[in-house]
Amino acid sequence: KIQAPQSIRDCYCSRSHFSSKISHGCGQQSLAYLQQDTMLRLLSLLHATAVAFPMLGAEIPLGERTKMSWDAPQNGDDGVDHFQLFLPRHWSKAQSWPMLIFLHGAGDGVWDVMNSQSLPRLLSRDQSTAFDPRKSWEFDFDGRHYVNASFADDLGFVVVMPQGWDATMRPGWSRPRLERVRALATRVASAYAVDPERISLAGQSAGGVGAWRFALEYPEFLSAVVPVCGALPGDSARAAQRLKDLSIWVFHAADDSAMPVELGDGAVAAMNRAGRREPARYTRYRRAPPPPDPQYNDMVGHASYDLAFR
């Protein structure tokens, strides 16, 4: 008997995983998993190609996130073919607007997961999900009640949320994908009256790693970077010198079981040893909840992003 996968992570399994299971005497079951996994990938791909999203530059509803497509440059990698765009409720081309680029985490490339938490969930007047039918997303944590039903109505930023990958692709914000993000952000800025001097980038978890990488590749493109529960890659001292003129605000939780808080501690300490124009800000929560989707409840302390974007 073959059980259906119970999570996105179960659906995304590498060939080496199946090879390992076969070598340990579970060949028939592993083969069935592989066939099932292949079918899930094909169905996901067919669904993605069957849905026609508006193209970049189209008129879209204001004050509501909208799935969109664009003619992504071919640069040797897949991903970033689709994105979500949010325009403020009072947006018009008569003035210029600040823009926030948002990079999702490893499991969030599927739309339903991306929009079940964090900033993307808040950028809709209907904040309900498959596991939470309430139109206003609210919760109690650590003695505080979190609610912000009017978030989408109040936000004054253009927000672009690239879909870095889907369930058929290898996760991770690689250099080619970040090149596409920069190209996409440039196109969005031109099409939707964005002030090029006020472009910020935020990312969470694997997207927090991506946020650091993007800032290191293109520091002149940004006015600020906000890594949330991420890790600074590479040589921290060299990174700090490269980013010393960029505004930085880091978020992490002390009880993060997926990305240890020492990663945030070390990144901020390195930044502030570099003779910065202004200190890197650090919000270090004592505790954070797990992601709201029940399938990720084991990631204790990881959803500092659900506190940061409130």
# chains A, B, ... in the order shown; residues from 1 in each chain; ligands from 1

call {"tool": "residues_around", "arguments": {"residues": "segment 237-248 of chain A", "least_positions_apart": "5", "cutoff": "9 Å", "atoms": "only C-alpha atoms", "output": "count of residues only"}}
result
27

call {"tool": "closest_atom_pairs", "arguments": {"of": "segment 213-279 of chain A", "to": "segment 290-302 of chain A", "cutoff": "10 Å", "atoms": "only C-alpha atoms", "output": "tab-separated table"}}
result
residue	atom	partner	partner_atom	distance
A:Val228	CA	A:His302	CA	9.6
A:Cys229	CA	A:His302	CA	7.0
A:Gly230	CA	A:His302	CA	10.0
A:His252	CA	A:His302	CA	8.1
A:Ala253	CA	A:Gly301	CA	6.3
A:Ala254	CA	A:Gly301	CA	7.6
A:Asp255	CA	A:Gly301	CA	5.0
A:Asp256	CA	A:Gly301	CA	4.1
A:Ser257	CA	A:Val300	CA	5.5
A:Ala258	CA	A:His302	CA	6.1
A:Met259	CA	A:His302	CA	7.2
A:Pro260	CA	A:His302	CA	9.0
A:Val261	CA	A:His302	CA	9.7

call {"tool": "closest_residue", "arguments": {"among": "A:Asp235, A:Tyr146, A:Ser190, A:Ser116", "to": "Pro133 of chain A", "atoms": "only C-alpha atoms"}}
result
A:Ser116

call {"tool": "closest_residue", "arguments": {"among": "A:Ser124, A:Ser205, A:Gln84, A:Ser174", "to": "Lys67 of chain A", "atoms": "only C-alpha atoms"}}
result
A:Gln84

call {"tool": "residues_around", "arguments": {"residues": "Val113 of chain A", "least_positions_apart": "6", "cutoff": "10 Å", "atoms": "only C-alpha atoms", "output": "short mmCIF file (atom, residue, chain, number, x, y, z; two decimals) with N, CA and C atoms, in the first residue's frame"}}
result
data_model
loop_
_atom_site.label_atom_id
_atom_site.label_comp_id
_atom_site.auth_asym_id
_atom_site.auth_seq_id
_atom_site.Cartn_x
_atom_site.Cartn_y
_atom_site.Cartn_z
N ILE A 8 4.24 19.27 0.90
CA ILE A 8 5.01 19.69 -0.27
C ILE A 8 6.38 19.03 -0.25
N HIS A 104 10.29 34.48 -1.42
CA HIS A 104 9.67 33.44 -0.58
C HIS A 104 10.68 32.39 -0.15
N GLY A 105 10.23 31.48 0.73
CA GLY A 105 11.09 30.42 1.25
C GLY A 105 11.07 29.17 0.39
N GLY A 107 9.77 26.13 0.65
CA GLY A 107 8.52 25.41 0.40
C GLY A 107 7.40 26.27 -0.14
N PRO A 120 2.59 37.84 1.73
CA PRO A 120 1.61 37.57 0.67
C PRO A 120 0.19 37.35 1.20
N ARG A 121 0.06 36.67 2.33
CA ARG A 121 -1.29 36.44 2.87
C ARG A 121 -1.95 37.75 3.27
N THR A 129 -7.54 30.73 3.98
CA THR A 129 -6.73 29.71 3.32
C THR A 129 -7.50 28.39 3.36
N ALA A 130 -6.88 27.36 2.78
CA ALA A 130 -7.52 26.04 2.80
C ALA A 130 -7.68 25.50 4.21
N PRO A 292 1.87 28.89 9.86
CA PRO A 292 0.46 28.62 10.17
C PRO A 292 -0.10 27.38 9.49
N ASP A 293 0.46 26.95 8.37
CA ASP A 293 -0.01 25.76 7.68
C ASP A 293 0.30 24.54 8.55
#

call {"tool": "select_by_dssp", "arguments": {"residues": "segment 81-266 of chain A", "states": "helix (DSSP H, G or I)", "output": "VMD selection string"}}
result
chain A and resid 111 to 114 118 to 122 151 to 154 175 to 191 206 to 217 219 to 221 236 to 242 261 to 266

call {"tool": "atom_distance", "arguments": {"atom1": "atom CA of Glu262 of chain A", "atom2": "atom CA of Arg182 of chain A"}}
result
29.1 Å

call {"tool": "closest_residue", "arguments": {"among": "A:Pro54, A:Gly109, A:Gly143, A:Gly63", "to": "Arg287 of chain A", "atoms": "only C-alpha atoms"}}
result
A:Gly143

call {"tool": "select_by_dssp", "arguments": {"residues": "segment 85-304 of chain A", "states": "strand (DSSP E or B)", "output": "count of residues only"}}
result
51

call {"tool": "residues_around", "arguments": {"residues": "segment 86-98 of chain A", "least_positions_apart": "2", "cutoff": "7 Å", "atoms": "only C-alpha atoms", "output": "list in words"}}
result
Leu62, Gly63, Glu64, Arg65, Thr66, Gln84, Leu100, Asp153, Leu155, Gly156, Phe157, Val158, Val159, Val160, Tyr192, Ala193, Val194, Asp195, Arg198 and Ile199 of chain A

call {"tool": "closest_residue", "arguments": {"among": "A:Leu122, A:Asn115, A:Asn148, A:Leu184", "to": "Met55 of chain A", "atoms": "only C-alpha atoms"}}
result
A:Leu184

call {"tool": "closest_residue", "arguments": {"among": "A:Met68, A:Ala288, A:Ala152, A:Val209", "to": "Leu263 of chain A", "atoms": "only C-alpha atoms"}}
result
A:Val209

call {"tool": "residues_around", "arguments": {"residues": "Asp126 of chain A", "least_positions_apart": "4", "cutoff": "9 Å", "atoms": "only C-alpha atoms", "output": "PyMOL selection string"}}
result
chain A and resi 121-122+134-137+149

call {"tool": "write_last_selection", "arguments": {"atoms": "all heavy atoms", "output": "compact mmCIF listing (two decimals), in the first residue's frame"}}
result
# COMPACT_ATOMS: atom_id res chain seq x y z
N ARG A 121 0.06 36.67 2.33
CA ARG A 121 -1.29 36.44 2.87
C ARG A 121 -1.95 37.75 3.27
O ARG A 121 -3.17 37.93 3.08
CB ARG A 121 -1.22 35.49 4.07
CG ARG A 121 -2.61 35.14 4.62
CD ARG A 121 -2.54 34.04 5.65
NE ARG A 121 -3.86 33.73 6.19
CZ ARG A 121 -4.08 32.80 7.12
NH1 ARG A 121 -3.07 32.08 7.59
NH2 ARG A 121 -5.30 32.58 7.57
N LEU A 122 -1.18 38.67 3.79
CA LEU A 122 -1.75 39.94 4.23
C LEU A 122 -2.16 40.84 3.07
O LEU A 122 -2.96 41.76 3.26
CB LEU A 122 -0.74 40.68 5.11
CG LEU A 122 -0.45 40.04 6.48
CD1 LEU A 122 0.75 40.73 7.12
CD2 LEU A 122 -1.67 40.11 7.39
N ARG A 134 -11.32 31.87 7.95
CA ARG A 134 -11.61 33.25 8.36
C ARG A 134 -11.01 34.24 7.37
O ARG A 134 -9.86 34.11 6.97
CB ARG A 134 -11.03 33.51 9.76
CG ARG A 134 -11.61 32.64 10.86
CD ARG A 134 -10.84 32.84 12.15
NE ARG A 134 -9.43 32.50 11.99
CZ ARG A 134 -8.49 32.76 12.89
NH1 ARG A 134 -8.82 33.39 14.01
NH2 ARG A 134 -7.24 32.41 12.66
N LYS A 135 -11.79 35.23 7.00
CA LYS A 135 -11.31 36.23 6.03
C LYS A 135 -10.32 37.19 6.64
O LYS A 135 -9.55 37.84 5.93
CB LYS A 135 -12.49 36.98 5.42
CG LYS A 135 -13.34 36.11 4.52
CD LYS A 135 -14.30 36.93 3.67
CE LYS A 135 -15.01 36.02 2.68
NZ LYS A 135 -15.89 36.79 1.76
N SER A 136 -10.33 37.31 7.96
CA SER A 136 -9.35 38.12 8.66
C SER A 136 -8.41 37.19 9.41
O SER A 136 -8.83 36.42 10.28
CB SER A 136 -10.03 39.07 9.65
OG SER A 136 -9.08 39.75 10.44
N TRP A 137 -7.12 37.23 9.05
CA TRP A 137 -6.13 36.34 9.66
C TRP A 137 -5.68 36.93 10.99
O TRP A 137 -5.07 37.99 11.04
CB TRP A 137 -4.95 36.19 8.71
CG TRP A 137 -3.81 35.38 9.24
CD1 TRP A 137 -3.86 34.34 10.11
CD2 TRP A 137 -2.44 35.55 8.90
NE1 TRP A 137 -2.61 33.83 10.35
CE2 TRP A 137 -1.71 34.55 9.62
CE3 TRP A 137 -1.74 36.43 8.08
CZ2 TRP A 137 -0.33 34.43 9.52
CZ3 TRP A 137 -0.37 36.30 7.99
CH2 TRP A 137 0.33 35.31 8.69
N ALA A 149 -6.62 43.19 9.57
CA ALA A 149 -7.52 42.95 8.44
C ALA A 149 -7.41 44.03 7.38
O ALA A 149 -7.74 43.81 6.21
CB ALA A 149 -8.96 42.85 8.94

call {"tool": "atom_distance", "arguments": {"atom1": "atom CA of Asp140 of chain A", "atom2": "atom CA of Arg310 of chain A"}}
result
13.0 Å

call {"tool": "atom_distance", "arguments": {"atom1": "atom CA of Arg177 of chain A", "atom2": "atom CA of Gly79 of chain A"}}
result
6.5 Å
